[in-house]
Amino acid sequence: MIIYNCKINTWDLPNQLFDGHSIRITGSQISEIGPENEVIEKYPDDEKVDAGGQLVMPGNICAHTHFYGTFSRGLAIPGDAPKAFPEILEKLWWGLDRALSLEDVRYSALVCIIDAIRHGTTTLIDHHASPNAIHGSLNEIAEAVRLSGIRGCLCYEVTDRNGMDGMLAGVEENIQFLKRISRSDDCNCRLAGLFGLHASLTLSDKTLEYCTTTAPSSAGFHIHIAEHESDQDDSIKKSGIRVVDRLDQFGILQTNSILVHAVHLDAREIQLIAKSGGWVTHQPRSNMNNGVGLGDVESMLRAGVRVGLGNDGFSNSMWEEWKTAYLVHKLWNRDPRRMNGNTVVDMAVYQNSSLVSTLYKKKIGVLVPGAQADLIFVDYKPFTELTAGNIPWHILFGFHDDMVTNTMVAGKFLMRDRKLITLDENEILNRAYELSRNVYKRYYLIMNKGE
């Protein structure tokens with residue numbers, strides 16, 4: 001396939017913006033980028049795709065999300081509004097996840113994936129929980145990934161909050177899925193896995209030790225850390241040390257581990273993460289919504305921590321997460337110099353690309369020969385000069401969700417001219433609507449019993 005009549009933004013280092021060039025795709029990879037006429041003449045029998053003058057660029061990457069939270073949209077929490085993050089967990093998420101069946105899990109993922117495809121997000125790293133439907137839950141999500149054509153890195157959230165049996169089932173779910181993707185199957189190229197843990201505050205020393213001795217040695221961990229002060233308070237009460245120190249003692253800090261949020265860290269904890277080579281992910285929209293504060297991700301980057309950008313289950317329009325990160329750090333610090341647009345790009349593009357390329361052992365998130373053909377067409381018509389250097393600010397101040405017209409993963413279109421190809425959107429949304437009504441009923445029963 002040859003994509004022509006386009007402007008190409010590579011997100012290479014340094015970034016390059018080509019006009020009058022075309023992209024040749026062979027199988028799942030980009031095989032050549034060169035002057036349009038030369039490439040077309042060289043391969044006359046290739047399929048030709050006219051991009052209509054649109055901008056072609058790598059698909060966006062989400063470094064942390066929760067498919068299972070999809071049905072929370074419009075859900076009214078009973079009783080008084082939660083006044084702090086621990087109450088949000090107890091009154092919303094720990095009731096909603098217990099209300100999910102395996103079919104709910106699949107359709108939660110499918111609805112979330114439709115949102116991702118429409119918004120040009122081609123790789124998502126998910127963190128799942130469904131305590132009353134643990135066994136087989138990751139296979140349900142994997143099937144949604146297979147049907148849709150996106151890339152998904154999956155794990156199950158191990159926690160002590162559902163008793164010993166629930167903890168053991170969560171561990172086994174992670175292990176069976178990691179074994180599955182270690183074998184060759186029909187969607188192995190688009191699936192990856194981590195070993196999921198909820199957070200230090202719901203994990204005992206005994207459970208942490210069990211997980212680290214049971215998890216495959218090659219698997220990194222995916223865990224929330226210090227999202228709220230309560231995580232630090234709990235760790236100090238349990239062990240006398242702070243969260244990152246505690247996780248470090250159990251070997252959780254690894255080069256392919258993802259540490260989510262990292263809002264309330266001290267300087268020593270940042271040093272430990274940097275030394276480990278692990279990843280932190282930043283989710284500013286979620287942090288604002290939960291009122292937990294903002295991690296000092298600029299300082300983390302300066303200290304050598306690898307910081308990516310996720311969305312924590314918010315909409316999969318990652319450009320909205322870019323814009324929020326760009327603006328909220330200025331407000332939080334009352335300093336317009338904070339969070340430069342290039343810093344946002346470093347997290348959202350270069351760090352995220354490096355993370356998923358490591359997890360998949362493939363070059364992802366860049367348009368260069370040899371990279372995976374994960375790309376999007378953006379119908380953006382600039383009225384000022386657009387260059388490789390200033391495109392971050394065009395994105396931050398000019399890009400919108402509905403500008404994505406085509407989404408491709410591994411050389412296959414998932415959406416073309418704004419029409420989904422791999423999924424039946426109406427069927428999925430209608431079934432999700434039916435399922436969500438029963439999820440709400442079960443959620444309210446769970447919450448009433450809890451009261």
# chains A, B, ... in the order shown; residues from 1 in each chain; ligands from 1
$ select_by_dssp --residues "stretch 230-272 of chain A" --states "strand (DSSP E or B)" --output "list in words"
Ile258, Leu259, Val260 and His261 of chain A
$ residues_around --residues "stretch 204-206 of chain A" --least-positions-apart "6" --cutoff "10 Å" --atoms "only C-alpha atoms" --output "CSV table (one decimal) with C-alpha atoms, in the first residue's frame"
chain,number,residue,atom,x,y,z
A,159,THR,CA,-5.8,-6.6,45.7
A,160,ASP,CA,-6.5,-7.8,49.2
A,235,SER,CA,2.4,2.4,53.9
A,238,LYS,CA,2.1,-0.9,57.8
A,239,SER,CA,5.9,-0.8,57.3
A,246,ARG,CA,8.1,-0.3,50.4
A,247,LEU,CA,7.6,-1.4,46.8
A,249,GLN,CA,11.9,-3.7,49.0
A,250,PHE,CA,9.6,-6.3,47.3
$ closest_residue --among "A:Met415, A:Val345, A:Met167, A:Ala410" --to "A:Ala116" --atoms "only C-alpha atoms"
A:Met415
$ residues_around --residues "stretch 439-451 of chain A" --least-positions-apart "2" --cutoff "9 Å" --atoms "only C-alpha atoms" --output "number ranges by chain"
A: 71-72, 75, 77-78, 91-92, 95-101, 104, 435-437
$ residues_around --residues "A:Gln16" --least-positions-apart "5" --cutoff "12 Å" --atoms "only C-alpha atoms" --output "number ranges by chain"
A: 7-11, 21, 33, 56-57, 366-368, 386-391
$ write_last_selection --atoms "C-alpha atoms" --output "mmCIF file, in the first residue's frame"
data_model
loop_
_atom_site.group_PDB
_atom_site.id
_atom_site.type_symbol
_atom_site.label_atom_id
_atom_site.label_comp_id
_atom_site.auth_asym_id
_atom_site.auth_seq_id
_atom_site.Cartn_x
_atom_site.Cartn_y
_atom_site.Cartn_z
ATOM 1 C CA LYS A 7 1.927 15.866 4.784
ATOM 2 C CA ILE A 8 3.878 13.474 6.995
ATOM 3 C CA ASN A 9 4.768 14.204 10.616
ATOM 4 C CA THR A 10 7.198 11.480 11.693
ATOM 5 C CA TRP A 11 7.680 12.114 15.440
ATOM 6 C CA HIS A 21 6.309 12.482 0.129
ATOM 7 C CA ILE A 33 9.124 7.015 2.912
ATOM 8 C CA VAL A 56 -0.478 11.721 8.388
ATOM 9 C CA MET A 57 1.182 11.010 11.725
ATOM 10 C CA VAL A 366 7.088 6.847 14.883
ATOM 11 C CA LEU A 367 6.794 6.992 11.093
ATOM 12 C CA VAL A 368 10.112 5.673 9.822
ATOM 13 C CA LEU A 386 3.178 24.512 10.203
ATOM 14 C CA THR A 387 6.696 23.175 10.819
ATOM 15 C CA ALA A 388 8.332 20.197 12.474
ATOM 16 C CA GLY A 389 9.280 22.500 15.333
ATOM 17 C CA ASN A 390 6.002 24.256 16.015
ATOM 18 C CA ILE A 391 3.546 21.390 15.518
#
$ select_by_dssp --residues "stretch 79-303 of chain A" --states "helix (DSSP H, G or I)" --output "PyMOL selection string"
chain A and resi 85-99+102-118+137-148+163-182+188-190+200-202+205-214+229-239+243-249+267-276+284-290+297-302
$ closest_residue --among "A:Asp165, A:Glu172, A:Glu209, A:Glu38" --to "A:Ser137" --atoms "only C-alpha atoms"
A:Glu172
$ closest_atom_pairs --of "stretch 333-353 of chain A" --to "stretch 269-284 of chain A" --cutoff "12 Å" --atoms "only C-alpha atoms" --output "CSV"
residue,atom,partner,partner_atom,distance
A:Val344,CA,A:His282,CA,10.4
A:Met347,CA,A:His282,CA,8.5
A:Ala348,CA,A:His282,CA,9.5
A:Gln351,CA,A:Trp279,CA,9.0
A:Asn352,CA,A:Thr281,CA,9.0
$ write_last_selection --atoms "C-alpha atoms" --output "PDB file, in the first residue's frame"
ATOM      1  CA  VAL A 344       4.152  17.520  26.852  1.00  0.00           C
ATOM      2  CA  MET A 347       5.784  12.527  27.643  1.00  0.00           C
ATOM      3  CA  ALA A 348       2.938  11.902  25.194  1.00  0.00           C
ATOM      4  CA  GLN A 351       8.256   8.508  26.345  1.00  0.00           C
ATOM      5  CA  ASN A 352       5.026   6.708  25.440  1.00  0.00           C
TER       6      ASN A 352
END
$ residues_around --residues "A:Thr214" --least-positions-apart "4" --cutoff "9 Å" --atoms "only C-alpha atoms" --output "CSV table (one decimal) with C-alpha atoms, in the first residue's frame"
chain,number,residue,atom,x,y,z
A,171,VAL,CA,-2.7,-13.5,40.5
A,175,ILE,CA,-0.3,-15.5,35.0
A,209,GLU,CA,5.9,-11.1,48.4
A,210,TYR,CA,3.6,-13.7,46.9
$ residues_around --residues "stretch 309-324 of chain A" --least-positions-apart "6" --cutoff "9 Å" --atoms "only C-alpha atoms" --output "ChimeraX atom specification"
/A:60-70,112-113,115-121,124-127,260,280-286,341,344-345,347-349,351-352,395-397,399-401
$ residues_around --residues "stretch 51-53 of chain A" --least-positions-apart "6" --cutoff "9 Å" --atoms "only C-alpha atoms" --output "PDB file with N, CA and C atoms, in the first residue's frame"
ATOM      1  N   ILE A   3       0.509   5.376   0.601  1.00  0.00           N
ATOM      2  CA  ILE A   3      -0.302   6.524   0.995  1.00  0.00           C
ATOM      3  C   ILE A   3       0.370   7.767   0.416  1.00  0.00           C
ATOM      4  N   TYR A   4      -0.380   8.528  -0.376  1.00  0.00           N
ATOM      5  CA  TYR A   4       0.201   9.697  -1.040  1.00  0.00           C
ATOM      6  C   TYR A   4      -0.718  10.908  -0.883  1.00  0.00           C
ATOM      7  N   ASN A   5      -0.249  12.047  -1.422  1.00  0.00           N
ATOM      8  CA  ASN A   5      -0.978  13.314  -1.311  1.00  0.00           C
ATOM      9  C   ASN A   5      -1.228  13.646   0.151  1.00  0.00           C
ATOM     10  N   CYS A   6      -0.148  13.727   0.902  1.00  0.00           N
ATOM     11  CA  CYS A   6      -0.255  13.973   2.342  1.00  0.00           C
ATOM     12  C   CYS A   6       0.944  14.767   2.832  1.00  0.00           C
ATOM     13  N   LYS A   7       0.801  15.335   4.012  1.00  0.00           N
ATOM     14  CA  LYS A   7       1.927  15.866   4.784  1.00  0.00           C
ATOM     15  C   LYS A   7       2.233  14.834   5.856  1.00  0.00           C
ATOM     16  N   PHE A 377      -4.879   9.786   9.957  1.00  0.00           N
ATOM     17  CA  PHE A 377      -5.019  10.927   9.063  1.00  0.00           C
ATOM     18  C   PHE A 377      -5.742  12.024   9.845  1.00  0.00           C
ATOM     19  N   ASP A 379      -7.428  15.808   9.472  1.00  0.00           N
ATOM     20  CA  ASP A 379      -7.922  16.826   8.540  1.00  0.00           C
ATOM     21  C   ASP A 379      -7.748  18.208   9.174  1.00  0.00           C
TER      22      ASP A 379
END
